[in-house]
Amino acid sequence: MPTTSADTLSIGEPPTPFAPRDRAEAIVSKLTRAEKFGLVTSYFPYLSPKRTEFDMILGSGYTPGVPRAAVQALRITDASMGVSNVLNMREGDTSTALPCALAMAASFDTVLVRRAGAMIGAEARAKTFNVMLAGGINLIRDPWAGRTFEYFSEDALLSGLLGAAAVAGVQSNHIASTLKHYVLNSQETGRMIADARIDMPALRESDLLAFEIAIEGGRPASIMTAYNKVNGTWAGEHGPLINDVLKGEWGFSGWVMSDWGAVHSTVDAALAGLDQESGVELDLRLNGAVFFTDALERAVLDGQVPESRVDDMATRVLTGMIACGAHDDPAPETELPVDAEAHALVAQAVAEAGIVLLRNESAVLPLARSIPTIAVIGGHADLGVPSGGGSSQVRSNGGAPIEKTLEEGDAAWFCRMTYHASSPLAAIRAAVPDAQVVYRSGDDVEEALAAARDADVVIVFAVQWRTEAMDLETLALPDGQDELITSLAGVNAKVVVVLETGGAVLMPWIGRVAAVLQAWYSGQRGGDAIARVLFGDVAPSGRLPITFPSADADMPRPVVPGRDQRLERDAAKAAGDGDARIQAFSIAYSEGANIGYRWHEVNGIAPLFPFGFGLSYTEFDYSELVVSAAEMPIVALTLRNVGSRAGVDVPQVYVRAKDAGGSKTWRLAGFARVELQPGEVRRIEIPLEPRAFSRWDEKLGGWRQDGELRLAIGRSATDLVLQSAVIDL
Ligand code: BGC
């Protein structure tokens with residue numbers, strides 16, 4: 001008998017005589033034309049005049065159902081870090097906030113990320129949503145990109161595997177998840193007009209590979225297309241990418257939805273494979289029309305779009321809902337309670353696993369509980385931890401101790417600078433109740449220095465805020481925080497910097513401070529997680545899922561493409577031209593698939609901290625490397641905890657072609673996350689992803705494996721400690 005458990009329905013279910021597509025076709029054959037057209041759009045409830053007509057739940061989207069045919073309404077919410085409540089649409093409604101996606105990725109832990117997805121999916125379902133716009137996996141090409149915190153990594157394999165885990169977790173609740181944004185929405189500036197230009201083989205080996213792996217492993221019900229153009233064609237009307245690659249070659253059977261306000265045509269989009277126009281009110285506002293309702297019907301009547309295509313669109317929506325279990329096990333009609341404490345513990349576990357120890361001179365960390373005095377400085381550590389802004393913003397349980405609106409810019413209407421109410425200061429005080437712990441905001445530098453002089457240890461919190469719809473201009477910490485840290489290091493030898501950033505930052509003070517913890521945006525229980533790592537209740541085990549460059553100039557595009565056009569637009573607006581728009585521009589992704597650590601290697605640039613890097617409170621030793629060739633090759637090695645504390649290691653397998661004809665850089669091909677007690681020795685096996693040592697051959701229309709390979713075990717992308725002989729897999 002086929003199992004119906006939440007854990008197995010969404011992943012790898014073998015085809016049955018009642019395959020989702022067959023069932024969906026049977027339902028669609030009974031729908032009227034109007035009912036079918038109803039399924040291929042969604043409203044944006046916040047702006048929708050039909051909000052009360054359909055009794056919409058306020059979220060990101062809503063598609064009316066067809067009750068007589070047992071077709072449910074789609075009740076759609078963002079996003080990857082929890083059930084968002086942007087603009088406080090559902091007044092006062094809060095949810096559990098996970099740490100940002102980058103923090104999840106730093107765990108290198110697919111099991112944990114799946115658990116995190118299952119937790120947020122359970123909350124979405126309990127709030128009656130049945131579609132979650134989670135699964136953001138765009139590769140982080142530009143370290144200044146605003147949504148870096150919302151994505152997993154610069155590496156296709158890591159992004160793909162974690163994207164699969166997150167989606168499978170969400171969908172284990174029998175609700176749909178997306179994977180997004182297909183493809184190359186790599187920056188925020190001009191995201192709705194930019195033309196991302198790249199060679200096809202390079203795209204295959206990078207962003208498309210991440211989607212390919214995530215779709216195979218996660219089986220998302222839906223894919224969301226990107227705002228931008230790809231090589232001259234809007235992502236949402238890109239036939240080669242949607243019809244040929246996604247639906248044809250990869251056999252994706254669910255539905256392809258647009259991003260909100262991203263549709264530009266009726267016939268082109270429908271024929272290219274777009275199945276659903278999302279948030280039609282935004283298309284009307286931004287692009288001057290709604291494209292998939294009356295206009296699509298006219299196109300069908302005119303014979304420009306075959307009716308069978310509309311049948312296919314509706315069928316795909318239902319196929320996705322059936323395949324993920326949402327159709328047979330509908331979300332409740334009224335809200336159900338959730339176990340908020342259990343969910344907060346999931347968020348905390350993710351935060352703890354994602355914190356990366358970047359520096360630890362003279363083993364200043366973990367801090368002894370006997371320390372008499374501690375000065376905690378900056379970062380609003382007395383109030384909470386920051387979170388990234390935009391559509392993914394969760395209004396978290398416990399409230400927002402800080403919530404600031406932005407004065408101007410593309411992000412201003414829907415993005416808020418928000419903190420979750422998880423105070424690191426309170427958690428530190430709770431950890432050392434007998435110590436004297438003073439807090440200074442850092443606004444008054446002299447006051448902070450005075451506190452630092454008198455303290456045995458200084459813990460300084462440094463914040464860099466990022467949001468959807470806005471890129472950074474520099475990776476430098478803002479608001480004088482570099483100067484503050486440097487000054488603190490001048491008066492106390494034991495300065496521990498806790499970075500609360502949504503991506504890489506520059507660290508001009510790195511050589512002067514004793515320790516650096518990268519805590520990212522750490523979510524609902526971030527304060528507790530940070531304190532537990534500081535005091536050694538938890539071993540730091542995160543590894544960087546992105547490269548930290550040494551300087552802005554080291555990035556492939558040191559200046560944000562489109563920045564000048566944006567500045568011109570802003571100037572024109574300031575001069576009274578309310579209709580001023582950013583002029584179209586293109587972005588040359590000439591680095592191709594050589595992103596992040598591969599960009600640094602190809603160009604011979606040393607990063608500040610490499611991809612994969614992270615220290616521990618113990619040390620690990622690697623030996624006895626054995627590689628077995630097979631369709632899915634396996635690397636075996638012996639791992640030994642040679643220190644005196646328990647710890648978690650993340651050995652990484654990097655592969656490169658022996659000869660110049662193949663891959664010119666080391667590439668991550670597999671990894672493991674292993675917990676070891678002091679002295680413990682374990683033989684581990686790491687399966688390798690063959691596409692990580694293959695090249696996309698455009699003529700062949702397929703993958704061609706690099707010939708002879710070199711393989712190495714690394715502690716990071718630049719610290720390769722054990723190399724195999726040349727092998728042919
Ligand atoms: C974002 C998507 C999001 C959608 C709906 C867009 O602005 O790019 O990621 O899912 O809004 O809120």
# chains A, B, ... in the order shown; residues from 1 in each chain; ligands from 1
call {"tool": "closest_atom_pairs", "arguments": {"of": "chain A", "to": "ligand 1", "cutoff": "8 Å", "atoms": "only C-alpha atoms and all ligand atoms", "output": "tab-separated table"}}
result
residue	atom	partner	partner_atom_place_in_ligand_line	distance
A:Ser60	CA	ligand 1	12 (O)	4.9
A:Gly61	CA	ligand 1	5 (C)	7.3
A:Thr77	CA	ligand 1	12 (O)	7.3
A:Asp78	CA	ligand 1	10 (O)	5.5
A:Ala79	CA	ligand 1	10 (O)	6.4
A:Leu133	CA	ligand 1	10 (O)	5.2
A:Ala134	CA	ligand 1	10 (O)	7.5
A:Gly136	CA	ligand 1	9 (O)	7.4
A:Lys180	CA	ligand 1	9 (O)	7.0
A:His181	CA	ligand 1	9 (O)	7.0
A:Met224	CA	ligand 1	10 (O)	8.0
A:Ala226	CA	ligand 1	8 (O)	7.5
A:Tyr227	CA	ligand 1	8 (O)	7.4
A:Asp259	CA	ligand 1	6 (C)	5.7
A:Trp260	CA	ligand 1	11 (O)	5.1
A:Gly261	CA	ligand 1	7 (O)	7.8
A:Gly279	CA	ligand 1	5 (C)	7.8
A:Gly390	CA	ligand 1	7 (O)	7.5
A:Ser391	CA	ligand 1	12 (O)	4.8
A:Ser392	CA	ligand 1	3 (C)	7.2
A:Glu468	CA	ligand 1	8 (O)	7.5
A:Ala469	CA	ligand 1	7 (O)	7.8
call {"tool": "closest_atom_pairs", "arguments": {"of": "stretch 243-306 of chain A", "to": "stretch 206-215 of chain A", "cutoff": "12 Å", "atoms": "only C-alpha atoms", "output": "CSV"}}
result
residue,atom,partner,partner_atom,distance
A:Val245,CA,A:Leu208,CA,9.2
A:Leu246,CA,A:Glu212,CA,8.2
A:Lys247,CA,A:Ile215,CA,11.1
A:Glu249,CA,A:Glu212,CA,10.0
A:Trp250,CA,A:Glu212,CA,7.2
A:Gly251,CA,A:Ile215,CA,9.7
A:Phe252,CA,A:Ile215,CA,7.8
A:Ser253,CA,A:Ile215,CA,10.6
A:Gly254,CA,A:Ile215,CA,10.6
call {"tool": "write_last_selection", "arguments": {"atoms": "N, CA, C and O atoms", "output": "PDB file, in the first residue's frame"}}
result
ATOM      1  N   VAL A 245      13.865  23.686 -20.994  1.00  0.00           N
ATOM      2  CA  VAL A 245      14.717  23.125 -19.926  1.00  0.00           C
ATOM      3  C   VAL A 245      13.869  22.624 -18.760  1.00  0.00           C
ATOM      4  O   VAL A 245      13.903  21.438 -18.404  1.00  0.00           O
ATOM      5  N   LEU A 246      13.084  23.522 -18.179  1.00  0.00           N
ATOM      6  CA  LEU A 246      12.373  23.181 -16.929  1.00  0.00           C
ATOM      7  C   LEU A 246      11.321  22.087 -17.147  1.00  0.00           C
ATOM      8  O   LEU A 246      11.308  21.059 -16.463  1.00  0.00           O
ATOM      9  N   LYS A 247      10.441  22.333 -18.107  1.00  0.00           N
ATOM     10  CA  LYS A 247       9.343  21.365 -18.279  1.00  0.00           C
ATOM     11  C   LYS A 247       9.751  20.200 -19.183  1.00  0.00           C
ATOM     12  O   LYS A 247       9.333  19.061 -18.955  1.00  0.00           O
ATOM     13  N   GLU A 249      13.195  19.140 -20.511  1.00  0.00           N
ATOM     14  CA  GLU A 249      14.342  18.323 -20.126  1.00  0.00           C
ATOM     15  C   GLU A 249      14.259  17.789 -18.693  1.00  0.00           C
ATOM     16  O   GLU A 249      14.565  16.632 -18.432  1.00  0.00           O
ATOM     17  N   TRP A 250      13.845  18.658 -17.757  1.00  0.00           N
ATOM     18  CA  TRP A 250      13.810  18.222 -16.353  1.00  0.00           C
ATOM     19  C   TRP A 250      12.476  17.574 -15.984  1.00  0.00           C
ATOM     20  O   TRP A 250      12.318  17.065 -14.869  1.00  0.00           O
ATOM     21  N   GLY A 251      11.511  17.632 -16.868  1.00  0.00           N
ATOM     22  CA  GLY A 251      10.229  16.971 -16.619  1.00  0.00           C
ATOM     23  C   GLY A 251       9.431  17.575 -15.476  1.00  0.00           C
ATOM     24  O   GLY A 251       8.640  16.880 -14.818  1.00  0.00           O
ATOM     25  N   PHE A 252       9.587  18.864 -15.229  1.00  0.00           N
ATOM     26  CA  PHE A 252       8.839  19.498 -14.140  1.00  0.00           C
ATOM     27  C   PHE A 252       7.344  19.503 -14.477  1.00  0.00           C
ATOM     28  O   PHE A 252       6.937  20.012 -15.518  1.00  0.00           O
ATOM     29  N   SER A 253       6.528  18.948 -13.584  1.00  0.00           N
ATOM     30  CA  SER A 253       5.107  18.775 -13.932  1.00  0.00           C
ATOM     31  C   SER A 253       4.183  19.724 -13.178  1.00  0.00           C
ATOM     32  O   SER A 253       2.984  19.744 -13.407  1.00  0.00           O
ATOM     33  N   GLY A 254       4.729  20.506 -12.236  1.00  0.00           N
ATOM     34  CA  GLY A 254       3.893  21.451 -11.489  1.00  0.00           C
ATOM     35  C   GLY A 254       3.677  22.735 -12.282  1.00  0.00           C
ATOM     36  O   GLY A 254       3.818  22.758 -13.502  1.00  0.00           O
TER      37      GLY A 254
END
call {"tool": "closest_residue", "arguments": {"among": "A:Leu688, A:Leu625, A:Val71, A:Ala427", "to": "A:Ala725", "atoms": "only C-alpha atoms"}}
result
A:Leu625
call {"tool": "residues_around", "arguments": {"residues": "stretch 294-297 of chain A", "least_positions_apart": "3", "cutoff": "9 Å", "atoms": "only C-alpha atoms", "output": "JSON, numbers by chain"}}
result
{"A": [33, 34, 37, 266, 267, 270, 290, 291, 300, 301, 302, 305, 307, 310]}
call {"tool": "write_last_selection", "arguments": {"atoms": "all heavy atoms", "output": "mmCIF file, in the first residue's frame"}}
result
data_model
loop_
_atom_site.group_PDB
_atom_site.id
_atom_site.type_symbol
_atom_site.label_atom_id
_atom_site.label_comp_id
_atom_site.auth_asym_id
_atom_site.auth_seq_id
_atom_site.Cartn_x
_atom_site.Cartn_y
_atom_site.Cartn_z
ATOM 1 N N ARG A 33 -14.850 27.014 -18.841
ATOM 2 C CA ARG A 33 -13.746 27.862 -19.299
ATOM 3 C C ARG A 33 -13.429 28.936 -18.241
ATOM 4 O O ARG A 33 -12.281 29.176 -17.904
ATOM 5 C CB ARG A 33 -14.125 28.498 -20.626
ATOM 6 C CG ARG A 33 -13.013 29.302 -21.212
ATOM 7 C CD ARG A 33 -13.413 29.927 -22.509
ATOM 8 N NE ARG A 33 -13.054 29.099 -23.657
ATOM 9 C CZ ARG A 33 -13.382 29.413 -24.898
ATOM 10 N NH1 ARG A 33 -14.101 30.485 -25.150
ATOM 11 N NH2 ARG A 33 -13.002 28.662 -25.899
ATOM 12 N N ALA A 34 -14.453 29.548 -17.697
ATOM 13 C CA ALA A 34 -14.234 30.614 -16.698
ATOM 14 C C ALA A 34 -13.506 30.050 -15.476
ATOM 15 O O ALA A 34 -12.630 30.710 -14.903
ATOM 16 C CB ALA A 34 -15.566 31.226 -16.288
ATOM 17 N N PHE A 37 -9.862 29.700 -16.354
ATOM 18 C CA PHE A 37 -9.171 30.990 -16.378
ATOM 19 C C PHE A 37 -8.943 31.516 -14.965
ATOM 20 O O PHE A 37 -7.957 32.184 -14.692
ATOM 21 C CB PHE A 37 -9.943 32.002 -17.236
ATOM 22 C CG PHE A 37 -9.691 31.815 -18.701
ATOM 23 C CD1 PHE A 37 -10.566 31.085 -19.495
ATOM 24 C CD2 PHE A 37 -8.543 32.325 -19.285
ATOM 25 C CE1 PHE A 37 -10.317 30.892 -20.839
ATOM 26 C CE2 PHE A 37 -8.281 32.130 -20.634
ATOM 27 C CZ PHE A 37 -9.166 31.412 -21.419
ATOM 28 N N THR A 266 0.760 38.615 -22.783
ATOM 29 C CA THR A 266 -0.203 37.523 -22.663
ATOM 30 C C THR A 266 0.254 36.333 -23.502
ATOM 31 O O THR A 266 0.560 35.258 -22.980
ATOM 32 C CB THR A 266 -1.593 37.990 -23.146
ATOM 33 O OG1 THR A 266 -1.991 39.096 -22.337
ATOM 34 C CG2 THR A 266 -2.621 36.874 -23.056
ATOM 35 N N VAL A 267 0.341 36.568 -24.809
ATOM 36 C CA VAL A 267 0.601 35.456 -25.724
ATOM 37 C C VAL A 267 2.024 34.918 -25.523
ATOM 38 O O VAL A 267 2.228 33.699 -25.374
ATOM 39 C CB VAL A 267 0.392 35.910 -27.184
ATOM 40 C CG1 VAL A 267 0.727 34.789 -28.158
ATOM 41 C CG2 VAL A 267 -1.054 36.376 -27.379
ATOM 42 N N ALA A 270 2.254 33.054 -22.190
ATOM 43 C CA ALA A 270 1.493 31.788 -22.182
ATOM 44 C C ALA A 270 2.196 30.742 -23.041
ATOM 45 O O ALA A 270 2.317 29.577 -22.646
ATOM 46 C CB ALA A 270 0.076 32.024 -22.684
ATOM 47 N N VAL A 290 -3.552 43.650 -16.779
ATOM 48 C CA VAL A 290 -3.635 42.279 -16.270
ATOM 49 C C VAL A 290 -3.589 41.409 -17.512
ATOM 50 O O VAL A 290 -4.295 41.661 -18.487
ATOM 51 C CB VAL A 290 -4.942 42.059 -15.481
ATOM 52 C CG1 VAL A 290 -5.099 40.597 -15.112
ATOM 53 C CG2 VAL A 290 -4.942 42.932 -14.221
ATOM 54 N N PHE A 291 -2.747 40.376 -17.513
ATOM 55 C CA PHE A 291 -2.451 39.682 -18.767
ATOM 56 C C PHE A 291 -3.132 38.322 -18.931
ATOM 57 O O PHE A 291 -3.258 37.826 -20.032
ATOM 58 C CB PHE A 291 -0.931 39.511 -18.913
ATOM 59 C CG PHE A 291 -0.200 40.826 -18.999
ATOM 60 C CD1 PHE A 291 0.337 41.421 -17.870
ATOM 61 C CD2 PHE A 291 -0.071 41.479 -20.223
ATOM 62 C CE1 PHE A 291 0.995 42.631 -17.950
ATOM 63 C CE2 PHE A 291 0.595 42.695 -20.308
ATOM 64 C CZ PHE A 291 1.127 43.269 -19.161
ATOM 65 N N VAL A 300 -7.185 33.369 -26.684
ATOM 66 C CA VAL A 300 -7.658 32.025 -27.030
ATOM 67 C C VAL A 300 -8.718 32.129 -28.125
ATOM 68 O O VAL A 300 -8.682 31.405 -29.133
ATOM 69 C CB VAL A 300 -8.219 31.305 -25.782
ATOM 70 C CG1 VAL A 300 -8.944 30.021 -26.169
ATOM 71 C CG2 VAL A 300 -7.095 30.999 -24.805
ATOM 72 N N LEU A 301 -9.635 33.082 -27.959
ATOM 73 C CA LEU A 301 -10.703 33.234 -28.963
ATOM 74 C C LEU A 301 -10.131 33.639 -30.319
ATOM 75 O O LEU A 301 -10.597 33.208 -31.371
ATOM 76 C CB LEU A 301 -11.738 34.263 -28.486
ATOM 77 C CG LEU A 301 -12.546 33.811 -27.251
ATOM 78 C CD1 LEU A 301 -13.455 34.918 -26.743
ATOM 79 C CD2 LEU A 301 -13.354 32.553 -27.559
ATOM 80 N N ASP A 302 -9.061 34.451 -30.269
ATOM 81 C CA ASP A 302 -8.390 34.872 -31.526
ATOM 82 C C ASP A 302 -7.536 33.764 -32.122
ATOM 83 O O ASP A 302 -6.918 33.952 -33.171
ATOM 84 C CB ASP A 302 -7.407 36.029 -31.256
ATOM 85 C CG ASP A 302 -8.119 37.296 -30.899
ATOM 86 O OD1 ASP A 302 -9.359 37.304 -30.998
ATOM 87 O OD2 ASP A 302 -7.421 38.253 -30.511
ATOM 88 N N VAL A 305 -3.515 31.704 -28.731
ATOM 89 C CA VAL A 305 -3.097 30.719 -27.722
ATOM 90 C C VAL A 305 -4.098 29.571 -27.799
ATOM 91 O O VAL A 305 -5.304 29.792 -27.664
ATOM 92 C CB VAL A 305 -3.116 31.339 -26.302
ATOM 93 C CG1 VAL A 305 -2.834 30.274 -25.247
ATOM 94 C CG2 VAL A 305 -2.122 32.484 -26.191
ATOM 95 N N GLU A 307 -6.519 26.630 -26.803
ATOM 96 C CA GLU A 307 -7.222 26.377 -25.542
ATOM 97 C C GLU A 307 -6.547 25.249 -24.752
ATOM 98 O O GLU A 307 -6.539 25.236 -23.525
ATOM 99 C CB GLU A 307 -8.687 26.025 -25.813
ATOM 100 C CG GLU A 307 -9.453 25.770 -24.524
ATOM 101 C CD GLU A 307 -10.843 26.379 -24.496
ATOM 102 O OE1 GLU A 307 -11.340 26.768 -25.571
ATOM 103 O OE2 GLU A 307 -11.429 26.458 -23.405
ATOM 104 N N VAL A 310 -4.319 26.546 -22.149
ATOM 105 C CA VAL A 310 -4.971 26.981 -20.901
ATOM 106 C C VAL A 310 -5.338 25.755 -20.059
ATOM 107 O O VAL A 310 -5.183 25.756 -18.839
ATOM 108 C CB VAL A 310 -6.218 27.839 -21.208
ATOM 109 C CG1 VAL A 310 -6.885 28.288 -19.907
ATOM 110 C CG2 VAL A 310 -5.827 29.051 -22.044
#
call {"tool": "closest_residue", "arguments": {"among": "A:Phe693, A:Phe152, A:Phe620, A:Phe129", "to": "A:Met632", "atoms": "only C-alpha atoms"}}
result
A:Phe693
call {"tool": "residues_around", "arguments": {"residues": "A:Ser370", "least_positions_apart": "3", "cutoff": "10 Å", "atoms": "only C-alpha atoms", "output": "VMD selection string"}}
result
chain A and resid 367 373 432 434 to 435
call {"tool": "write_last_selection", "arguments": {"atoms": "all heavy atoms", "output": "mmCIF file, in the first residue's frame"}}
result
data_model
loop_
_atom_site.group_PDB
_atom_site.id
_atom_site.type_symbol
_atom_site.label_atom_id
_atom_site.label_comp_id
_atom_site.auth_asym_id
_atom_site.auth_seq_id
_atom_site.Cartn_x
_atom_site.Cartn_y
_atom_site.Cartn_z
ATOM 1 N N LEU A 367 33.993 31.535 26.440
ATOM 2 C CA LEU A 367 34.227 32.349 27.627
ATOM 3 C C LEU A 367 33.987 31.510 28.877
ATOM 4 O O LEU A 367 33.045 30.717 28.927
ATOM 5 C CB LEU A 367 33.270 33.540 27.632
ATOM 6 C CG LEU A 367 33.420 34.527 26.469
ATOM 7 C CD1 LEU A 367 32.307 35.569 26.522
ATOM 8 C CD2 LEU A 367 34.788 35.198 26.490
ATOM 9 N N THR A 373 33.752 40.506 34.888
ATOM 10 C CA THR A 373 33.047 41.646 34.262
ATOM 11 C C THR A 373 33.056 41.525 32.738
ATOM 12 O O THR A 373 34.080 41.200 32.125
ATOM 13 C CB THR A 373 33.718 42.997 34.626
ATOM 14 O OG1 THR A 373 35.074 42.933 34.201
ATOM 15 C CG2 THR A 373 33.621 43.312 36.094
ATOM 16 N N VAL A 432 25.577 34.031 32.844
ATOM 17 C CA VAL A 432 26.554 34.317 33.921
ATOM 18 C C VAL A 432 25.911 35.243 34.954
ATOM 19 O O VAL A 432 26.245 36.426 35.042
ATOM 20 C CB VAL A 432 27.861 34.930 33.347
ATOM 21 C CG1 VAL A 432 28.736 33.855 32.747
ATOM 22 C CG2 VAL A 432 27.585 35.998 32.287
ATOM 23 N N ASP A 434 26.290 35.669 37.963
ATOM 24 C CA ASP A 434 27.127 36.288 38.999
ATOM 25 C C ASP A 434 28.097 37.326 38.443
ATOM 26 O O ASP A 434 28.767 38.027 39.200
ATOM 27 C CB ASP A 434 27.930 35.204 39.734
ATOM 28 C CG ASP A 434 27.002 34.248 40.454
ATOM 29 O OD1 ASP A 434 25.886 34.699 40.808
ATOM 30 O OD2 ASP A 434 27.357 33.068 40.602
ATOM 31 N N ALA A 435 28.185 37.409 37.136
ATOM 32 C CA ALA A 435 29.131 38.374 36.551
ATOM 33 C C ALA A 435 28.496 39.762 36.503
ATOM 34 O O ALA A 435 27.276 39.902 36.508
ATOM 35 C CB ALA A 435 29.509 37.926 35.141
#
call {"tool": "residues_around", "arguments": {"residues": "A:Arg715", "least_positions_apart": "3", "cutoff": "12 Å", "atoms": "only C-alpha atoms", "output": "PyMOL selection string"}}
result
chain A and resi 542-544+609-616+619-622+639+649-654+668+671-673+712+718-722
call {"tool": "closest_residue", "arguments": {"among": "A:Val655, A:Gly702, A:Val505, A:Gly38", "to": "A:Asp311", "atoms": "only C-alpha atoms"}}
result
A:Gly38
call {"tool": "select_by_dssp", "arguments": {"residues": "stretch 498-599 of chain A", "states": "helix (DSSP H, G or I)", "output": "MDAnalysis selection string"}}
result
chainID A and resid 510:512 526:534 552:554 563:574 597:599
call {"tool": "write_last_selection", "arguments": {"atoms": "N, CA and C atoms", "output": "mmCIF file, in the first residue's frame"}}
result
data_model
loop_
_atom_site.group_PDB
_atom_site.id
_atom_site.type_symbol
_atom_site.label_atom_id
_atom_site.label_comp_id
_atom_site.auth_asym_id
_atom_site.auth_seq_id
_atom_site.Cartn_x
_atom_site.Cartn_y
_atom_site.Cartn_z
ATOM 1 N N ILE A 510 40.380 43.265 11.699
ATOM 2 C CA ILE A 510 40.428 41.826 12.004
ATOM 3 C C ILE A 510 41.654 41.422 12.814
ATOM 4 N N GLY A 511 42.812 42.030 12.503
ATOM 5 C CA GLY A 511 44.043 41.617 13.191
ATOM 6 C C GLY A 511 44.109 42.105 14.628
ATOM 7 N N ARG A 512 43.204 42.985 15.015
ATOM 8 C CA ARG A 512 43.310 43.583 16.360
ATOM 9 C C ARG A 512 42.354 42.982 17.380
ATOM 10 N N GLY A 526 17.729 34.006 18.382
ATOM 11 C CA GLY A 526 19.126 34.300 18.060
ATOM 12 C C GLY A 526 19.954 34.666 19.273
ATOM 13 N N GLY A 527 19.373 35.465 20.173
ATOM 14 C CA GLY A 527 20.128 35.909 21.352
ATOM 15 C C GLY A 527 20.610 34.724 22.170
ATOM 16 N N ASP A 528 19.710 33.761 22.382
ATOM 17 C CA ASP A 528 20.087 32.570 23.165
ATOM 18 C C ASP A 528 21.166 31.770 22.444
ATOM 19 N N ALA A 529 21.009 31.616 21.124
ATOM 20 C CA ALA A 529 21.977 30.825 20.358
ATOM 21 C C ALA A 529 23.368 31.456 20.450
ATOM 22 N N ILE A 530 23.424 32.768 20.318
ATOM 23 C CA ILE A 530 24.724 33.458 20.368
ATOM 24 C C ILE A 530 25.376 33.241 21.736
ATOM 25 N N ALA A 531 24.579 33.400 22.792
ATOM 26 C CA ALA A 531 25.142 33.232 24.143
ATOM 27 C C ALA A 531 25.631 31.803 24.350
ATOM 28 N N ARG A 532 24.886 30.852 23.857
ATOM 29 C CA ARG A 532 25.287 29.452 24.066
ATOM 30 C C ARG A 532 26.597 29.126 23.339
ATOM 31 N N VAL A 533 26.813 29.738 22.186
ATOM 32 C CA VAL A 533 28.091 29.510 21.499
ATOM 33 C C VAL A 533 29.219 30.260 22.222
ATOM 34 N N LEU A 534 28.932 31.489 22.660
ATOM 35 C CA LEU A 534 29.970 32.266 23.359
ATOM 36 C C LEU A 534 30.490 31.528 24.595
ATOM 37 N N ASP A 552 36.107 45.704 -1.417
ATOM 38 C CA ASP A 552 35.031 45.881 -2.410
ATOM 39 C C ASP A 552 35.561 45.644 -3.823
ATOM 40 N N ALA A 553 36.799 46.089 -4.052
ATOM 41 C CA ALA A 553 37.361 46.017 -5.403
ATOM 42 C C ALA A 553 37.569 44.579 -5.873
ATOM 43 N N ASP A 554 37.550 43.626 -4.959
ATOM 44 C CA ASP A 554 37.811 42.227 -5.335
ATOM 45 C C ASP A 554 36.586 41.512 -5.899
ATOM 46 N N ARG A 563 23.430 51.375 -10.957
ATOM 47 C CA ARG A 563 23.460 52.369 -9.880
ATOM 48 C C ARG A 563 23.302 53.781 -10.452
ATOM 49 N N ASP A 564 24.005 54.068 -11.542
ATOM 50 C CA ASP A 564 23.923 55.419 -12.105
ATOM 51 C C ASP A 564 22.518 55.723 -12.612
ATOM 52 N N GLN A 565 21.898 54.727 -13.252
ATOM 53 C CA GLN A 565 20.527 54.935 -13.723
ATOM 54 C C GLN A 565 19.593 55.206 -12.544
ATOM 55 N N ARG A 566 19.829 54.489 -11.458
ATOM 56 C CA ARG A 566 18.971 54.703 -10.277
ATOM 57 C C ARG A 566 19.178 56.108 -9.705
ATOM 58 N N LEU A 567 20.448 56.532 -9.666
ATOM 59 C CA LEU A 567 20.723 57.865 -9.126
ATOM 60 C C LEU A 567 20.087 58.940 -9.995
ATOM 61 N N GLU A 568 20.161 58.739 -11.323
ATOM 62 C CA GLU A 568 19.519 59.708 -12.230
ATOM 63 C C GLU A 568 18.023 59.755 -11.987
ATOM 64 N N ARG A 569 17.435 58.576 -11.832
ATOM 65 C CA ARG A 569 15.986 58.524 -11.583
ATOM 66 C C ARG A 569 15.650 59.264 -10.281
ATOM 67 N N ASP A 570 16.457 59.002 -9.249
ATOM 68 C CA ASP A 570 16.176 59.640 -7.963
ATOM 69 C C ASP A 570 16.299 61.160 -8.077
ATOM 70 N N ALA A 571 17.312 61.606 -8.856
ATOM 71 C CA ALA A 571 17.502 63.051 -9.019
ATOM 72 C C ALA A 571 16.311 63.652 -9.766
ATOM 73 N N ALA A 572 15.853 62.938 -10.808
ATOM 74 C CA ALA A 572 14.716 63.445 -11.577
ATOM 75 C C ALA A 572 13.472 63.509 -10.697
ATOM 76 N N LYS A 573 13.307 62.513 -9.848
ATOM 77 C CA LYS A 573 12.141 62.511 -8.938
ATOM 78 C C LYS A 573 12.231 63.694 -7.973
ATOM 79 N N ALA A 574 13.457 63.880 -7.451
ATOM 80 C CA ALA A 574 13.640 64.977 -6.503
ATOM 81 C C ALA A 574 13.357 66.320 -7.173
ATOM 82 N N TYR A 597 34.090 31.649 -4.587
ATOM 83 C CA TYR A 597 35.438 31.098 -4.368
ATOM 84 C C TYR A 597 36.119 30.795 -5.692
ATOM 85 N N ARG A 598 35.321 30.450 -6.705
ATOM 86 C CA ARG A 598 35.934 30.141 -8.005
ATOM 87 C C ARG A 598 36.410 31.422 -8.680
ATOM 88 N N TRP A 599 35.679 32.516 -8.503
ATOM 89 C CA TRP A 599 36.112 33.824 -9.005
ATOM 90 C C TRP A 599 37.443 34.216 -8.366
#
call {"tool": "closest_residue", "arguments": {"among": "A:Met470, A:Leu484, A:Asn287, A:Ala426", "to": "A:Gly409", "atoms": "only C-alpha atoms"}}
result
A:Met470
call {"tool": "select_by_dssp", "arguments": {"residues": "stretch 388-434 of chain A", "states": "strand (DSSP E or B)", "output": "PyMOL selection string"}}
result
chain A and resi 389+396+403-405+416-420
